[in-house]
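Text of query_36.pdb, listed as PDB, C-alpha atoms:
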```pdb
ATOM      1  CA  MET A 266     142.916 138.060  24.100
ATOM      2  CA  THR A 267     143.765 139.348  20.637
ATOM      3  CA  SER A 268     143.939 136.031  18.805
ATOM      4  CA  SER A 269     142.067 132.772  18.989
ATOM      5  CA  PRO A 270     143.750 129.880  20.769
ATOM      6  CA  ASP A 271     145.224 127.346  18.392
ATOM      7  CA  LEU A 272     146.601 123.901  18.993
ATOM      8  CA  SER A 273     149.913 123.589  17.141
ATOM      9  CA  ALA A 274     151.354 120.295  18.384
ATOM     10  CA  VAL A 275     150.225 117.003  19.873
ATOM     11  CA  THR A 276     152.801 114.600  21.312
ATOM     12  CA  LEU A 277     152.213 110.861  21.483
ATOM     13  CA  GLY A 278     154.456 108.645  23.575
ATOM     14  CA  VAL A 279     155.187 105.609  21.402
ATOM     15  CA  ARG A 280     156.984 102.342  22.088
ATOM     16  CA  ASP A 281     158.585 102.219  18.619
ATOM     17  CA  VAL A 282     159.385 105.538  16.927
ATOM     18  CA  GLU A 283     160.387 103.906  13.628
ATOM     19  CA  ALA A 284     157.227 101.786  13.358
ATOM     20  CA  SER A 285     155.064 104.774  14.331
ATOM     21  CA  ARG A 286     156.797 106.982  11.767
ATOM     22  CA  ASP A 287     156.313 104.313   9.085
ATOM     23  CA  PHE A 288     152.616 104.016   9.982
ATOM     24  CA  TYR A 289     151.861 107.742   9.717
ATOM     25  CA  VAL A 290     154.222 108.629   6.844
ATOM     26  CA  ASP A 291     154.402 105.534   4.640
ATOM     27  CA  GLY A 292     151.043 104.033   5.566
ATOM     28  CA  LEU A 293     148.753 107.048   5.896
ATOM     29  CA  GLY A 294     150.653 109.570   3.789
ATOM     30  CA  PHE A 295     151.397 112.230   6.407
ATOM     31  CA  ARG A 296     154.331 114.504   5.507
ATOM     32  CA  GLU A 297     157.413 114.021   7.647
ATOM     33  CA  VAL A 298     158.851 117.269   9.000
ATOM     34  CA  LEU A 299     161.757 115.997  11.122
ATOM     35  CA  HIS A 300     162.987 112.575  12.174
ATOM     36  CA  VAL A 301     165.651 111.714  14.748
ATOM     37  CA  ALA A 302     166.130 107.947  14.502
ATOM     38  CA  GLY A 303     165.030 106.104  17.626
ATOM     39  CA  GLN A 304     164.042 109.278  19.468
ATOM     40  CA  ILE A 305     161.307 111.374  17.854
ATOM     41  CA  SER A 306     159.520 112.005  14.583
ATOM     42  CA  PHE A 307     157.401 115.028  13.672
ATOM     43  CA  VAL A 308     154.707 114.772  10.992
ATOM     44  CA  GLN A 309     152.405 117.422   9.568
ATOM     45  CA  ALA A 310     148.987 116.456  10.924
ATOM     46  CA  GLY A 311     147.054 119.368   9.438
ATOM     47  CA  PRO A 312     147.417 123.064   8.662
ATOM     48  CA  GLY A 313     149.594 124.418  11.451
ATOM     49  CA  LEU A 314     149.453 121.153  13.437
ATOM     50  CA  LEU A 315     152.396 118.872  14.163
ATOM     51  CA  LEU A 316     152.097 115.362  15.543
ATOM     52  CA  ALA A 317     155.190 114.384  17.525
ATOM     53  CA  LEU A 318     155.877 110.669  17.888
ATOM     54  CA  TRP A 319     158.233 110.507  20.851
ATOM     55  CA  ASP A 320     159.891 107.487  22.449
ATOM     56  CA  VAL A 321     157.790 107.025  25.586
ATOM     57  CA  THR A 322     160.852 106.122  27.651
ATOM     58  CA  GLN A 323     162.346 109.551  26.916
ATOM     59  CA  MET A 324     159.241 111.572  27.800
ATOM     60  CA  PRO A 325     160.004 111.830  31.543
ATOM     61  CA  THR A 326     163.099 113.908  30.666
ATOM     62  CA  GLU A 327     160.753 116.750  29.739
ATOM     63  CA  TYR A 328     157.405 115.908  31.330
ATOM     64  CA  GLY A 329     158.482 114.237  34.552
ATOM     65  CA  ASP A 330     156.933 110.978  35.717
ATOM     66  CA  VAL A 331     154.013 110.609  33.316
ATOM     67  CA  ALA A 332     151.260 108.137  34.131
ATOM     68  CA  HIS A 333     151.094 104.797  32.345
ATOM     69  CA  GLY A 334     148.538 102.007  32.115
ATOM     70  CA  THR A 335     145.148 102.583  33.719
ATOM     71  CA  ALA A 336     146.479 105.720  35.436
ATOM     72  CA  ALA A 337     147.155 107.353  32.065
ATOM     73  CA  PRO A 338     144.622 109.941  30.926
ATOM     74  CA  PRO A 339     142.323 108.717  28.131
ATOM     75  CA  MET A 340     142.818 110.286  24.728
ATOM     76  CA  SER A 341     141.660 110.010  21.170
ATOM     77  CA  LEU A 342     142.897 111.295  17.825
ATOM     78  CA  GLY A 343     140.371 112.095  15.122
ATOM     79  CA  HIS A 344     140.812 112.322  11.367
ATOM     80  CA  ASN A 345     137.976 114.191   9.672
ATOM     81  CA  VAL A 346     137.223 113.590   5.999
ATOM     82  CA  GLU A 347     135.072 115.325   3.406
ATOM     83  CA  ARG A 348     133.165 112.301   2.087
ATOM     84  CA  ALA A 349     131.840 109.118   3.696
ATOM     85  CA  GLU A 350     133.653 106.863   1.216
ATOM     86  CA  GLN A 351     136.958 108.273   2.448
ATOM     87  CA  VAL A 352     136.355 106.581   5.804
ATOM     88  CA  GLU A 353     136.724 103.104   4.285
ATOM     89  CA  GLN A 354     139.761 104.218   2.256
ATOM     90  CA  LEU A 355     141.519 105.552   5.356
ATOM     91  CA  TYR A 356     140.519 102.492   7.366
ATOM     92  CA  ALA A 357     141.980 100.196   4.697
ATOM     93  CA  ALA A 358     145.179 102.270   4.545
ATOM     94  CA  ALA A 359     145.543 102.142   8.332
ATOM     95  CA  ILE A 360     145.057  98.359   8.434
ATOM     96  CA  ALA A 361     147.528  97.912   5.556
ATOM     97  CA  ALA A 362     150.027 100.052   7.472
ATOM     98  CA  GLY A 363     149.773  97.788  10.521
ATOM     99  CA  ALA A 364     146.918  99.229  12.599
ATOM    100  CA  THR A 365     144.777  96.903  14.697
ATOM    101  CA  SER A 366     141.011  97.238  14.377
ATOM    102  CA  VAL A 367     139.327  97.600  17.769
TER     103      VAL A 367
END
```

Write the structure described by the file as structure tokens, please.
Amino acid sequence: MTSSPDLSAVTLGVRDVEASRDFYVDGLGFREVLHVAGQISFVQAGPGLLLALWDVTQMPTEYGDVAHGTAAPPMSLGHNVERAEQVEQLYAAAIAAGATSV
């Protein structure tokens, strides 16, 4: 292999594309790349990384019958920061944008 493997996109199936877009763009400050109302929104999640927020009901058109509920594969998204105090700032921004603390 001549180049290192890179992850360039992560797709999340979401119940509400508009609310998800608002959370990441307006609430957390991610840069919107493309938005198709009610269908999908792409945000810049890092250098060379797109986060796609796709209406979960439309995902089977490309992925087939994806698992839901307890059959769905577990996943996690991380957001690394440079300084510890940024954790509380990001947490507060996420809560203000509508996130639920778990």

Result set of the PyMOL selection byres ((chain A and resi 287-304) around 7) on the coordinates above, as a tab-separated table (two decimals) with C-alpha atoms, in the coordinates of the input:
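Contents of result.tsv, as written:
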```tsv
chain	number	residue	atom	x	y	z
A	282	VAL	CA	159.38	105.54	16.93
A	283	GLU	CA	160.39	103.91	13.63
A	284	ALA	CA	157.23	101.79	13.36
A	285	SER	CA	155.06	104.77	14.33
A	286	ARG	CA	156.80	106.98	11.77
A	305	ILE	CA	161.31	111.37	17.85
A	306	SER	CA	159.52	112.00	14.58
A	307	PHE	CA	157.40	115.03	13.67
A	308	VAL	CA	154.71	114.77	10.99
A	309	GLN	CA	152.40	117.42	9.57
A	310	ALA	CA	148.99	116.46	10.92
A	319	TRP	CA	158.23	110.51	20.85
A	320	ASP	CA	159.89	107.49	22.45
A	358	ALA	CA	145.18	102.27	4.54
A	359	ALA	CA	145.54	102.14	8.33
A	362	ALA	CA	150.03	100.05	7.47
A	363	GLY	CA	149.77	97.79	10.52
```

Nearby residues (only C-alpha atoms) at most 12 Å from Tyr356 in chain A, same-chain spacing under 3 positions excluded, as a list of chain:residue names
A:Gly292, A:Leu293, A:His344, A:Val346, A:Ala349, A:Glu350, A:Gln351, A:Val352, A:Glu353, A:Ala359, A:Ile360, A:Ala361, A:Ala362, A:Gly363, A:Ala364, A:Thr365, A:Ser366, A:Val367

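Reported to one decimal place, the separation of CA of Asn345 in chain A from CA of Asp271 in chain A is 17.4 Å.
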
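Distance-wise, CA of Glu347 in chain A and CA of Leu316 in chain A end up 20.9 Å apart.
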
Convert the output of the PyMOL selection byres ((chain A and resi 323) around 12) on the shown file into explicit residues, formatted as a ChimeraX atom specification.
/A:277-282,303-305,318-322,324-331

Reconstructed N, CA and C atoms for range 271-299 of chain A, given as a compact mmCIF listing (two decimals), keeping the file's coordinate frame:
```txt
# COMPACT_ATOMS: atom_id res chain seq x y z
N ASP A 271 145.02 128.39 19.39
CA ASP A 271 145.22 127.35 18.39
C ASP A 271 146.10 126.25 18.97
N LEU A 272 145.78 125.03 18.63
CA LEU A 272 146.60 123.90 18.99
C LEU A 272 147.61 123.71 17.87
N SER A 273 148.90 123.69 18.19
CA SER A 273 149.91 123.59 17.14
C SER A 273 150.71 122.30 17.19
N ALA A 274 150.61 121.55 18.29
CA ALA A 274 151.35 120.30 18.38
C ALA A 274 150.67 119.35 19.36
N VAL A 275 150.70 118.08 19.01
CA VAL A 275 150.22 117.00 19.87
C VAL A 275 151.37 116.00 19.94
N THR A 276 151.72 115.57 21.14
CA THR A 276 152.80 114.60 21.31
C THR A 276 152.23 113.27 21.78
N LEU A 277 152.59 112.21 21.08
CA LEU A 277 152.21 110.86 21.48
C LEU A 277 153.46 110.13 21.96
N GLY A 278 153.38 109.52 23.12
CA GLY A 278 154.46 108.64 23.58
C GLY A 278 154.28 107.30 22.89
N VAL A 279 155.29 106.86 22.16
CA VAL A 279 155.19 105.61 21.40
C VAL A 279 156.28 104.64 21.83
N ARG A 280 155.99 103.36 21.73
CA ARG A 280 156.98 102.34 22.09
C ARG A 280 158.03 102.15 21.00
N ASP A 281 157.67 102.44 19.75
CA ASP A 281 158.58 102.22 18.62
C ASP A 281 158.47 103.41 17.67
N VAL A 282 159.43 104.32 17.75
CA VAL A 282 159.38 105.54 16.93
C VAL A 282 159.41 105.19 15.45
N GLU A 283 160.25 104.24 15.05
CA GLU A 283 160.39 103.91 13.63
C GLU A 283 159.08 103.32 13.08
N ALA A 284 158.48 102.39 13.81
CA ALA A 284 157.23 101.79 13.36
C ALA A 284 156.11 102.83 13.32
N SER A 285 156.09 103.72 14.30
CA SER A 285 155.06 104.77 14.33
C SER A 285 155.25 105.73 13.17
N ARG A 286 156.49 106.11 12.90
CA ARG A 286 156.80 106.98 11.77
C ARG A 286 156.35 106.31 10.47
N ASP A 287 156.70 105.04 10.30
CA ASP A 287 156.31 104.31 9.09
C ASP A 287 154.80 104.27 8.92
N PHE A 288 154.08 104.07 10.03
CA PHE A 288 152.62 104.02 9.98
C PHE A 288 152.03 105.33 9.48
N TYR A 289 152.44 106.45 10.08
CA TYR A 289 151.86 107.74 9.72
C TYR A 289 152.37 108.26 8.37
N VAL A 290 153.65 108.08 8.08
CA VAL A 290 154.22 108.63 6.84
C VAL A 290 154.00 107.69 5.66
N ASP A 291 154.50 106.47 5.76
CA ASP A 291 154.40 105.53 4.64
C ASP A 291 153.00 104.96 4.49
N GLY A 292 152.36 104.66 5.61
CA GLY A 292 151.04 104.03 5.57
C GLY A 292 149.90 104.99 5.30
N LEU A 293 149.88 106.12 6.01
CA LEU A 293 148.75 107.05 5.90
C LEU A 293 149.06 108.28 5.05
N GLY A 294 150.32 108.48 4.69
CA GLY A 294 150.65 109.57 3.79
C GLY A 294 150.89 110.93 4.43
N PHE A 295 151.07 110.96 5.76
CA PHE A 295 151.40 112.23 6.41
C PHE A 295 152.79 112.67 5.96
N ARG A 296 153.03 113.97 5.92
CA ARG A 296 154.33 114.50 5.51
C ARG A 296 155.25 114.58 6.72
N GLU A 297 156.43 113.97 6.57
CA GLU A 297 157.41 114.02 7.65
C GLU A 297 158.10 115.38 7.66
N VAL A 298 158.21 115.97 8.84
CA VAL A 298 158.85 117.27 9.00
C VAL A 298 160.28 117.10 9.53
N LEU A 299 160.44 116.23 10.52
CA LEU A 299 161.76 116.00 11.12
C LEU A 299 161.76 114.61 11.74
```
